[in-house]
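A.B. asks: Next comes upload_11.txt, compact mmCIF, C-alpha atoms:
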```txt
# COMPACT_ATOMS: atom_id res chain seq x y z
CA MET A 17 -10.51 10.05 -19.04
CA ALA A 18 -10.61 13.01 -21.42
CA LEU A 19 -9.10 15.24 -18.75
CA GLY A 20 -6.18 12.85 -18.30
CA LEU A 21 -5.72 12.68 -22.06
CA ALA A 22 -5.80 16.46 -22.39
CA ILE A 23 -3.14 16.89 -19.74
CA ALA A 24 -0.98 14.17 -21.25
CA LEU A 25 -1.33 15.49 -24.80
CA PRO A 26 -1.24 19.28 -24.47
CA LYS A 27 -0.63 19.89 -28.17
CA ARG A 28 -3.79 18.08 -29.27
CA LYS A 29 -7.39 19.21 -29.06
CA ILE A 30 -9.28 16.69 -26.96
CA ILE A 31 -13.08 16.56 -27.31
CA ALA A 32 -15.25 14.82 -24.74
CA LEU A 33 -18.78 13.98 -25.88
CA ASP A 34 -21.01 13.36 -22.90
CA GLY A 35 -24.69 13.13 -22.03
CA ASP A 36 -26.81 14.66 -19.32
CA GLY A 37 -27.33 11.34 -17.56
CA SER A 38 -23.64 10.56 -17.63
CA LEU A 39 -22.64 13.96 -16.27
CA LEU A 40 -25.24 13.76 -13.51
CA LEU A 41 -23.66 10.50 -12.40
CA ASN A 42 -20.52 12.36 -11.41
CA LEU A 43 -20.97 16.08 -10.95
CA GLY A 44 -17.76 16.06 -8.95
CA ILE A 45 -15.79 16.31 -12.17
CA LEU A 46 -17.02 19.88 -12.70
CA PRO A 47 -14.89 21.58 -10.02
CA VAL A 48 -11.95 19.42 -11.08
CA LEU A 49 -12.31 20.71 -14.64
CA ALA A 50 -12.67 24.24 -13.30
CA GLN A 51 -9.44 23.89 -11.38
CA GLN A 52 -7.45 22.30 -14.19
CA THR A 53 -8.96 24.18 -17.18
CA PRO A 54 -6.78 22.45 -19.76
CA PRO A 55 -6.78 24.85 -22.72
CA ASN A 56 -6.90 21.98 -25.21
CA LEU A 57 -10.06 20.34 -23.82
CA LEU A 58 -13.57 20.82 -25.14
CA VAL A 59 -16.49 19.20 -23.33
CA VAL A 60 -19.79 18.87 -25.18
CA VAL A 61 -22.75 17.67 -23.12
CA PHE A 62 -25.83 16.64 -25.09
CA ASP A 63 -28.81 17.18 -22.82
CA ASN A 64 -32.00 15.45 -23.97
CA GLY A 65 -33.50 15.08 -20.50
CA LEU A 66 -33.56 11.30 -20.78
CA TYR A 67 -31.61 8.18 -20.05
CA GLU A 68 -32.52 7.28 -23.59
CA SER A 69 -30.46 4.13 -23.83
CA GLY A 70 -31.81 3.07 -20.45
CA GLY A 71 -35.49 2.91 -21.24
CA ASN A 72 -36.28 6.62 -21.71
CA THR A 73 -36.36 7.37 -18.02
CA ALA A 74 -36.22 11.11 -17.38
CA THR A 75 -33.00 12.56 -16.03
CA LEU A 76 -33.07 15.29 -13.43
CA SER A 77 -32.22 17.86 -16.10
CA ALA A 78 -35.75 17.31 -17.40
CA SER A 79 -37.13 18.54 -14.10
CA GLY A 80 -35.01 21.63 -13.81
CA ALA A 81 -31.40 20.71 -13.09
CA ASP A 82 -29.44 23.26 -15.12
CA LEU A 83 -26.19 21.63 -16.21
CA ALA A 84 -24.69 24.87 -17.46
CA ALA A 85 -25.49 26.60 -14.18
CA LEU A 86 -23.93 23.69 -12.29
CA ALA A 87 -20.80 24.02 -14.41
CA SER A 88 -20.66 27.78 -13.88
CA GLY A 89 -21.26 27.34 -10.19
CA ALA A 90 -18.36 24.91 -10.04
CA GLY A 91 -16.12 27.59 -11.46
CA ILE A 92 -16.08 26.80 -15.17
CA GLU A 93 -16.04 30.21 -16.81
CA ASN A 94 -16.41 29.40 -20.49
CA THR A 95 -19.79 27.66 -20.35
CA LYS A 96 -22.33 28.01 -23.16
CA ILE A 97 -25.90 26.81 -23.60
CA ILE A 98 -26.84 25.87 -27.15
CA ASP A 99 -30.46 25.58 -28.28
CA SER A 100 -30.20 25.68 -32.06
CA LEU A 101 -28.26 24.04 -34.85
CA ASP A 102 -26.91 27.38 -36.04
CA ALA A 103 -25.62 28.25 -32.60
CA PHE A 104 -24.12 24.79 -32.29
CA SER A 105 -22.24 25.16 -35.55
CA ARG A 106 -20.97 28.61 -34.67
CA LEU A 107 -19.97 27.97 -31.08
CA LEU A 108 -18.40 24.61 -31.88
CA LYS A 109 -16.15 26.19 -34.49
CA THR A 110 -15.17 28.89 -32.04
CA ALA A 111 -14.43 26.39 -29.29
CA LEU A 112 -12.36 24.20 -31.59
CA LYS A 113 -10.18 27.12 -32.61
CA ALA A 114 -9.90 28.77 -29.22
CA PRO A 115 -6.89 27.88 -27.07
CA ALA A 116 -9.12 27.73 -24.02
CA PHE A 117 -11.15 25.17 -22.12
CA SER A 118 -14.79 25.23 -23.24
CA PHE A 119 -17.88 23.60 -21.82
CA LEU A 120 -20.90 23.42 -24.13
CA VAL A 121 -24.32 22.22 -23.06
CA VAL A 122 -26.36 21.33 -26.14
CA ARG A 123 -30.08 20.95 -25.52
CA VAL A 124 -31.40 18.39 -27.96
CA LYS A 125 -34.67 16.58 -28.53
CA PRO A 126 -34.95 12.91 -27.63
CA GLY A 127 -34.79 10.43 -30.44
CA GLY A 128 -31.48 8.95 -31.40
CA LEU A 129 -30.46 6.15 -33.67
CA PRO A 130 -30.31 2.68 -32.16
CA VAL A 131 -26.92 1.89 -30.70
CA THR A 132 -25.33 -1.07 -32.45
CA PRO A 133 -22.43 -3.15 -31.18
CA LYS A 134 -19.04 -1.82 -32.23
CA GLY A 135 -17.85 -5.18 -33.51
CA MET A 136 -14.76 -5.15 -31.38
CA SER A 137 -13.97 -5.71 -27.74
CA GLY A 138 -13.11 -2.90 -25.42
CA VAL A 139 -9.56 -4.19 -25.19
CA GLU A 140 -9.11 -4.09 -28.97
CA ASN A 141 -10.65 -0.64 -29.04
CA LYS A 142 -8.20 0.52 -26.41
CA PHE A 143 -5.19 -0.90 -28.25
CA ARG A 144 -6.28 0.69 -31.53
CA PHE A 145 -6.69 4.01 -29.80
CA ILE A 146 -3.28 3.88 -28.13
CA ARG A 147 -1.57 2.68 -31.31
CA HIS A 148 -3.06 5.70 -33.07
CA ILE A 149 -1.70 8.00 -30.38
CA GLU A 150 1.69 6.32 -30.65
CA ALA A 151 1.77 6.69 -34.43
CA THR A 152 0.64 10.29 -34.52
CA GLU A 153 2.57 11.52 -31.49
CA GLY A 154 5.76 9.59 -32.18
CA LYS A 155 5.90 8.19 -28.68
CA ARG A 156 5.88 4.70 -27.23
CA ILE A 157 3.13 3.99 -24.71
CA LEU A 158 2.38 0.28 -24.67
CA SER A 159 6.02 -0.69 -24.46
CA ILE A 160 6.90 1.38 -21.41
CA PRO A 161 8.71 -1.02 -19.06
CA ILE A 162 6.95 -1.66 -15.78
CA ARG A 163 9.69 -1.16 -13.29
CA THR A 164 7.63 -2.55 -10.43
CA SER A 165 7.36 -5.94 -12.11
CA GLN A 166 11.05 -5.97 -12.78
CA LYS A 167 11.83 -5.27 -9.17
CA LEU A 168 9.36 -7.80 -7.86
CA SER A 169 10.74 -10.54 -10.07
CA SER A 170 14.38 -9.83 -9.18
CA MET B 25 -6.42 8.38 23.76
CA THR B 26 -7.38 11.13 21.37
CA LEU B 27 -8.96 10.80 17.97
CA GLU B 28 -5.62 11.96 16.59
CA ASP B 29 -3.97 8.93 18.17
CA LEU B 30 -6.66 6.63 16.80
CA ARG B 31 -5.92 7.87 13.34
CA GLY B 32 -2.25 7.10 13.74
CA GLY B 33 -1.22 10.72 13.97
CA ARG B 34 2.48 9.93 14.36
CA VAL B 35 2.55 8.13 11.06
CA ARG B 36 0.39 10.69 9.33
CA HIS B 37 2.76 13.54 10.08
CA ASN B 38 6.01 11.68 9.57
CA VAL B 39 7.71 13.69 6.83
CA LYS B 40 10.51 11.14 6.48
CA ASN B 41 8.04 8.40 5.61
CA ALA B 42 6.35 10.70 3.14
CA GLU B 43 9.69 11.41 1.50
CA ILE B 44 10.34 7.66 1.19
CA LEU B 45 7.08 7.21 -0.68
CA HIS B 46 7.62 10.30 -2.79
CA HIS B 47 11.10 9.17 -3.85
CA ALA B 48 9.85 5.65 -4.52
CA LEU B 49 7.16 6.95 -6.85
CA LYS B 50 9.68 9.07 -8.73
CA ASP B 51 12.10 6.17 -8.93
CA ALA B 52 9.30 4.07 -10.43
CA GLY B 53 8.89 6.66 -13.18
CA ILE B 54 5.59 8.08 -12.00
CA ASN B 55 5.03 11.44 -13.66
CA PHE B 56 1.28 11.89 -13.15
CA VAL B 57 -0.82 11.46 -10.01
CA ALA B 58 -4.49 11.81 -9.25
CA MET B 59 -5.30 12.05 -5.59
CA VAL B 60 -8.21 12.19 -3.20
CA PRO B 61 -7.27 13.78 0.12
CA ASP B 62 -6.29 11.28 2.80
CA SER B 63 -5.10 12.07 6.32
CA TYR B 64 -2.41 9.39 6.25
CA PHE B 65 -0.98 10.64 2.96
CA ARG B 66 -1.24 14.32 3.73
CA GLU B 67 2.51 14.87 3.57
CA VAL B 68 2.88 12.57 0.56
CA ASN B 69 0.25 14.54 -1.30
CA ARG B 70 1.96 17.80 -0.39
CA LEU B 71 5.30 16.58 -1.72
CA LEU B 72 3.67 15.33 -4.92
CA GLN B 73 1.85 18.61 -5.47
CA GLU B 74 5.08 20.57 -4.98
CA ASP B 75 7.04 18.34 -7.38
CA ARG B 76 7.40 20.11 -10.72
CA ASP B 77 8.23 16.84 -12.48
CA ILE B 78 4.91 15.27 -11.50
CA LYS B 79 1.57 16.56 -12.69
CA SER B 80 -1.00 16.23 -9.92
CA VAL B 81 -4.77 16.41 -10.13
CA THR B 82 -6.98 16.52 -7.06
CA ALA B 83 -10.14 14.52 -7.76
CA THR B 84 -13.41 14.57 -5.86
CA ARG B 85 -13.84 10.78 -5.89
CA GLU B 86 -11.54 7.84 -6.36
CA ASP B 87 -13.36 6.48 -9.42
CA GLU B 88 -12.99 9.86 -11.07
CA GLY B 89 -9.29 9.95 -10.25
CA MET B 90 -8.82 6.45 -11.63
CA ALA B 91 -10.51 7.42 -14.89
CA ILE B 92 -8.26 10.48 -15.14
CA CYS B 93 -5.25 8.19 -14.59
CA ALA B 94 -6.47 5.88 -17.35
CA GLY B 95 -6.74 8.80 -19.76
CA ALA B 96 -3.28 10.01 -18.79
CA TYR B 97 -1.88 6.53 -19.41
CA MET B 98 -3.37 6.41 -22.88
CA GLY B 99 -1.73 9.75 -23.55
CA GLY B 100 1.68 8.42 -22.58
CA LYS B 101 1.95 9.28 -18.90
CA ASN B 102 2.96 6.87 -16.15
CA PRO B 103 0.16 7.54 -13.65
CA CYS B 104 -0.57 6.71 -10.04
CA MET B 105 -3.78 7.03 -8.04
CA VAL B 106 -3.07 8.07 -4.44
CA MET B 107 -5.94 7.49 -2.05
CA GLU B 108 -7.12 5.91 1.18
CA ALA B 109 -8.22 2.29 1.22
CA SER B 110 -11.93 3.10 1.30
CA GLY B 111 -11.47 4.36 -2.26
CA TYR B 112 -11.53 0.78 -3.48
CA GLY B 113 -15.22 0.83 -2.63
CA SER B 114 -16.11 4.02 -4.48
CA GLY B 115 -13.77 3.11 -7.30
CA ALA B 116 -14.94 -0.46 -7.79
CA GLY B 117 -16.86 0.19 -10.99
CA VAL B 118 -13.96 1.90 -12.72
CA LEU B 119 -11.52 -0.69 -11.43
CA ALA B 120 -13.63 -3.48 -12.86
CA ARG B 121 -14.25 -1.82 -16.21
CA ILE B 122 -11.09 0.10 -17.05
CA CYS B 123 -8.54 -2.07 -15.30
CA GLN B 124 -9.95 -5.57 -15.31
CA ILE B 125 -11.90 -5.61 -18.58
CA HIS B 126 -9.91 -3.12 -20.66
CA HIS B 127 -6.54 -3.97 -19.10
CA THR B 128 -5.53 -0.36 -18.63
CA PRO B 129 -2.65 -0.28 -16.19
CA PHE B 130 -1.84 2.28 -13.53
CA LEU B 131 -0.44 2.14 -10.03
CA ILE B 132 -2.65 2.65 -6.98
CA LEU B 133 -1.01 3.76 -3.75
CA SER B 134 -3.48 3.48 -0.88
CA SER B 135 -3.01 3.86 2.83
CA HIS B 136 -3.84 0.78 4.81
CA VAL B 137 -4.78 0.44 8.46
CA ALA B 138 -5.64 -2.34 10.87
CA GLY B 139 -8.76 -4.39 10.38
CA LEU B 140 -11.75 -5.22 12.52
CA GLY B 141 -10.99 -5.65 16.18
CA GLY B 142 -8.19 -3.13 16.20
CA THR B 143 -8.15 0.26 17.81
CA GLN B 144 -8.93 2.11 14.62
CA HIS B 145 -11.94 4.27 14.02
CA GLU B 146 -14.69 2.36 12.22
CA LEU B 147 -14.22 4.44 9.09
CA PHE B 148 -10.71 3.08 8.72
CA THR B 149 -11.62 -0.53 9.32
CA LEU B 150 -14.23 -0.09 6.62
CA GLY B 151 -11.47 1.08 4.32
CA ASP B 152 -9.44 -1.96 5.18
CA ARG B 153 -12.35 -4.25 4.31
CA ASP B 154 -12.89 -2.41 1.03
CA ALA B 155 -9.26 -2.85 0.10
CA ASN B 156 -9.31 -6.55 0.81
CA LEU B 157 -12.63 -7.13 -0.93
CA TYR B 158 -11.84 -5.32 -4.13
CA ALA B 159 -8.10 -5.65 -4.50
CA THR B 160 -8.12 -9.39 -3.95
CA GLY B 161 -11.75 -10.45 -4.32
CA ILE B 162 -12.16 -9.71 -8.01
CA GLY B 163 -8.53 -10.31 -8.86
CA LEU B 164 -8.10 -7.11 -10.76
CA CYS B 165 -4.48 -6.37 -10.08
CA GLN B 166 -1.41 -7.27 -8.10
CA PRO B 167 -2.05 -6.06 -4.57
CA SER B 168 1.10 -5.61 -2.58
CA GLY B 169 1.25 -4.43 1.00
CA PHE B 170 4.28 -3.20 2.82
CA ARG B 171 5.27 -1.24 5.89
CA LEU B 172 7.33 1.85 5.38
CA GLY B 173 10.97 0.99 5.91
CA ASP B 174 10.55 -2.63 4.91
CA ARG B 175 10.25 -2.62 1.12
CA PRO B 176 9.49 0.91 -0.04
CA SER B 177 11.14 0.34 -3.42
CA GLN B 178 8.18 -1.78 -4.44
CA ALA B 179 6.14 1.35 -4.82
```
Can the structure from this file be put into structure tokens for me?
C.D. replies:
Amino acid sequence: MALGLAIALPKRKIIALDGDGSLLLNLGILPVLAQQTPPNLLVVVFDNGLYESGGNTATLSASGADLAALASGAGIENTKIIDSLDAFSRLLKTALKAPAFSFLVVRVKPGGLPVTPKGMSGVENKFRFIRHIEATEGKRILSIPIRTSQKLSS
Amino acid sequence: MTLEDLRGGRVRHNVKNAEILHHALKDAGINFVAMVPDSYFREVNRLLQEDRDIKSVTATREDEGMAICAGAYMGGKNPCMVMEASGYGSGAGVLARICQIHHTPFLILSSHVAGLGGTQHELFTLGDRDANLYATGIGLCQPSGFRLGDRPSQA
């Protein structure tokens, strides 16, 4: 979704926050990102070696799958591995300022805060997000007429 | 009969039909497509990729392409996922979550072939069953089938 957003909103910096388990579910996105390389997209993958929200089952990155190497092998040139907080702070600032696609793999220790419900439905969340895009970009998204429906009803 | 015939080679390489679909998508305001290679839509995909008014992204899987379309929609694009019918199977999770639960709209254009008992290769009849199961079974969208030349404007 972040790739689609980045292409649609080329003047904005789009940041995708992902996890090792999530990325391993669909490694096919890596060559797609390598091909598109949207200069306004930053991907940050937090790699803790666990499906932490899924019962602490180990991901395959815990047994040697190198996510950064996979990204590089797929053709993503600007790939960085981050092992410290200082490096994270420095490289994140650089990536945010750089007009180039960046792919950061941040190796972190397990142990996150419990995930609490957001207090809103996914539909409401989506509408709030799009309304924010509409307000800040000055474009109408939700009100785009659906020509197909018009033709089918005529 | 060759495998090429079984795959409906005459339709696959019909540039006129591809142009009908390409023009229909443009007429519908589509300005962003994600696609997974499909033999039937080879010429359609080529025309879309060569169209400077339409941004095209080649995805590795249909669910990935659908997610990219959803992101493009939220950024203001009018997207379309172009794929073969078997993509309904690999894209079922995204279809259910992004489209059915979150109500994120985008057009899907999928090739469609004969069902079980026909002369098609088993791969294609599987795609036909996927399309029917997912497009109608979980009621996620408005499936509409047509033959080229009948009602292409519906695209």
A.B. asks: Would you list the contacts of range 124-138 of chain B as a ChimeraX atom specification, taking every protein, DNA or RNA residue within 6 Å and counting all atoms listed in the file, but skipping same-chain residues closer than 6 positions in sequence?
C.D. replies: /A:138-139 /B:103-109,164
A.B. asks: Provide as a PDB file with C-alpha atoms, keeping the file's coordinate frame the residues of chain A at most 9 Å from chain B, counting all atoms listed in the file.
C.D. replies:
```
ATOM      1  CA  MET A  17     -10.510  10.050 -19.040  1.00  0.00           C
ATOM      2  CA  ALA A  18     -10.610  13.010 -21.420  1.00  0.00           C
ATOM      3  CA  LEU A  19      -9.100  15.240 -18.750  1.00  0.00           C
ATOM      4  CA  GLY A  20      -6.180  12.850 -18.300  1.00  0.00           C
ATOM      5  CA  LEU A  21      -5.720  12.680 -22.060  1.00  0.00           C
ATOM      6  CA  ALA A  22      -5.800  16.460 -22.390  1.00  0.00           C
ATOM      7  CA  ILE A  23      -3.140  16.890 -19.740  1.00  0.00           C
ATOM      8  CA  ALA A  24      -0.980  14.170 -21.250  1.00  0.00           C
ATOM      9  CA  LEU A  25      -1.330  15.490 -24.800  1.00  0.00           C
ATOM     10  CA  ASN A  42     -20.520  12.360 -11.410  1.00  0.00           C
ATOM     11  CA  GLY A  44     -17.760  16.060  -8.950  1.00  0.00           C
ATOM     12  CA  ILE A  45     -15.790  16.310 -12.170  1.00  0.00           C
ATOM     13  CA  PRO A  47     -14.890  21.580 -10.020  1.00  0.00           C
ATOM     14  CA  VAL A  48     -11.950  19.420 -11.080  1.00  0.00           C
ATOM     15  CA  GLN A  51      -9.440  23.890 -11.380  1.00  0.00           C
ATOM     16  CA  GLN A  52      -7.450  22.300 -14.190  1.00  0.00           C
ATOM     17  CA  SER A 137     -13.970  -5.710 -27.740  1.00  0.00           C
ATOM     18  CA  GLY A 138     -13.110  -2.900 -25.420  1.00  0.00           C
ATOM     19  CA  VAL A 139      -9.560  -4.190 -25.190  1.00  0.00           C
ATOM     20  CA  GLU A 140      -9.110  -4.090 -28.970  1.00  0.00           C
ATOM     21  CA  ASN A 141     -10.650  -0.640 -29.040  1.00  0.00           C
ATOM     22  CA  LYS A 142      -8.200   0.520 -26.410  1.00  0.00           C
ATOM     23  CA  PHE A 145      -6.690   4.010 -29.800  1.00  0.00           C
ATOM     24  CA  ILE A 146      -3.280   3.880 -28.130  1.00  0.00           C
ATOM     25  CA  ILE A 149      -1.700   8.000 -30.380  1.00  0.00           C
ATOM     26  CA  GLU A 150       1.690   6.320 -30.650  1.00  0.00           C
ATOM     27  CA  LYS A 155       5.900   8.190 -28.680  1.00  0.00           C
ATOM     28  CA  ARG A 156       5.880   4.700 -27.230  1.00  0.00           C
ATOM     29  CA  ILE A 157       3.130   3.990 -24.710  1.00  0.00           C
ATOM     30  CA  LEU A 158       2.380   0.280 -24.670  1.00  0.00           C
ATOM     31  CA  ILE A 160       6.900   1.380 -21.410  1.00  0.00           C
ATOM     32  CA  ILE A 162       6.950  -1.660 -15.780  1.00  0.00           C
ATOM     33  CA  ARG A 163       9.690  -1.160 -13.290  1.00  0.00           C
ATOM     34  CA  THR A 164       7.630  -2.550 -10.430  1.00  0.00           C
ATOM     35  CA  SER A 165       7.360  -5.940 -12.110  1.00  0.00           C
ATOM     36  CA  LYS A 167      11.830  -5.270  -9.170  1.00  0.00           C
ATOM     37  CA  LEU A 168       9.360  -7.800  -7.860  1.00  0.00           C
TER      38      LEU A 168
END
```
A.B. asks: As a list in words, please: the residues near Ala50 in chain A (cut-off 7 Å, only C-alpha atoms, same-chain neighbours under 3 positions excluded).
C.D. replies: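 Contacts, with the query itself left out: Leu46, Pro47, Thr53, Ala90, Gly91 and Ile92 of chain A.
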A.B. asks: Any chance you could export the current selection's C-alpha atoms as a short mmCIF file (atom, residue, chain, number, x, y, z; two decimals), in the coordinates of the input?
C.D. replies:
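So out.cif came out as:
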```
data_model
loop_
_atom_site.label_atom_id
_atom_site.label_comp_id
_atom_site.auth_asym_id
_atom_site.auth_seq_id
_atom_site.Cartn_x
_atom_site.Cartn_y
_atom_site.Cartn_z
CA LEU A 46 -17.02 19.88 -12.70
CA PRO A 47 -14.89 21.58 -10.02
CA THR A 53 -8.96 24.18 -17.18
CA ALA A 90 -18.36 24.91 -10.04
CA GLY A 91 -16.12 27.59 -11.46
CA ILE A 92 -16.08 26.80 -15.17
#
```
A.B. asks: So that I can see what lies close to range 108-111 of chain A, please list as a ChimeraX atom specification the residues with an atom at most 10 Å from it, counting all atoms listed in the file and leaving out residues fewer than 4 positions away in the same chain.
C.D. replies: /A:56-60,94,98,102-104,115-120
A.B. asks: Take CA of Gly111 in chain B and CA of Val60 in chain B and report the distance between them in Å, one decimal.
C.D. replies: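 That distance, rounded to one decimal, is 8.5 Å.
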A.B. asks: Using all atoms listed in the file, give me every residue within 8 Å of (4.4, 13.3, 5.0) in file coordinates, as a JSON list (two decimals) with C-alpha atoms, keeping the file's coordinate frame.
C.D. replies:
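Once written, result34.json looks like this:
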```
[["chain", "number", "residue", "atom", "x", "y", "z"],
["B", 36, "ARG", "CA", 0.39, 10.69, 9.33],
["B", 37, "HIS", "CA", 2.76, 13.54, 10.08],
["B", 38, "ASN", "CA", 6.01, 11.68, 9.57],
["B", 39, "VAL", "CA", 7.71, 13.69, 6.83],
["B", 40, "LYS", "CA", 10.51, 11.14, 6.48],
["B", 41, "ASN", "CA", 8.04, 8.40, 5.61],
["B", 42, "ALA", "CA", 6.35, 10.70, 3.14],
["B", 43, "GLU", "CA", 9.69, 11.41, 1.50],
["B", 64, "TYR", "CA", -2.41, 9.39, 6.25],
["B", 65, "PHE", "CA", -0.98, 10.64, 2.96],
["B", 66, "ARG", "CA", -1.24, 14.32, 3.73],
["B", 67, "GLU", "CA", 2.51, 14.87, 3.57],
["B", 68, "VAL", "CA", 2.88, 12.57, 0.56],
["B", 69, "ASN", "CA", 0.25, 14.54, -1.30],
["B", 70, "ARG", "CA", 1.96, 17.80, -0.39],
["B", 71, "LEU", "CA", 5.30, 16.58, -1.72]]
```
A.B. asks: Which distance in Å separates CA of Gly115 in chain B and CA of Glu93 in chain A, to one decimal?
C.D. replies: 28.8 Å
A.B. asks: Of the candidates B:Ser63, B:Gln73, B:Gly117, B:Ile78, which shows the shortest atom-to-atom distance to Lys50 in chain B, using all atoms listed in the file?
C.D. replies: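 For Lys50 in chain B, the nearest of the candidates is B:Ile78.
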A.B. asks: What's the separation between CA of Val121 in chain A and CA of Asp63 in chain A, in Å to one decimal place?
C.D. replies: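 Distance reported for this atom pair: 6.8 Å.
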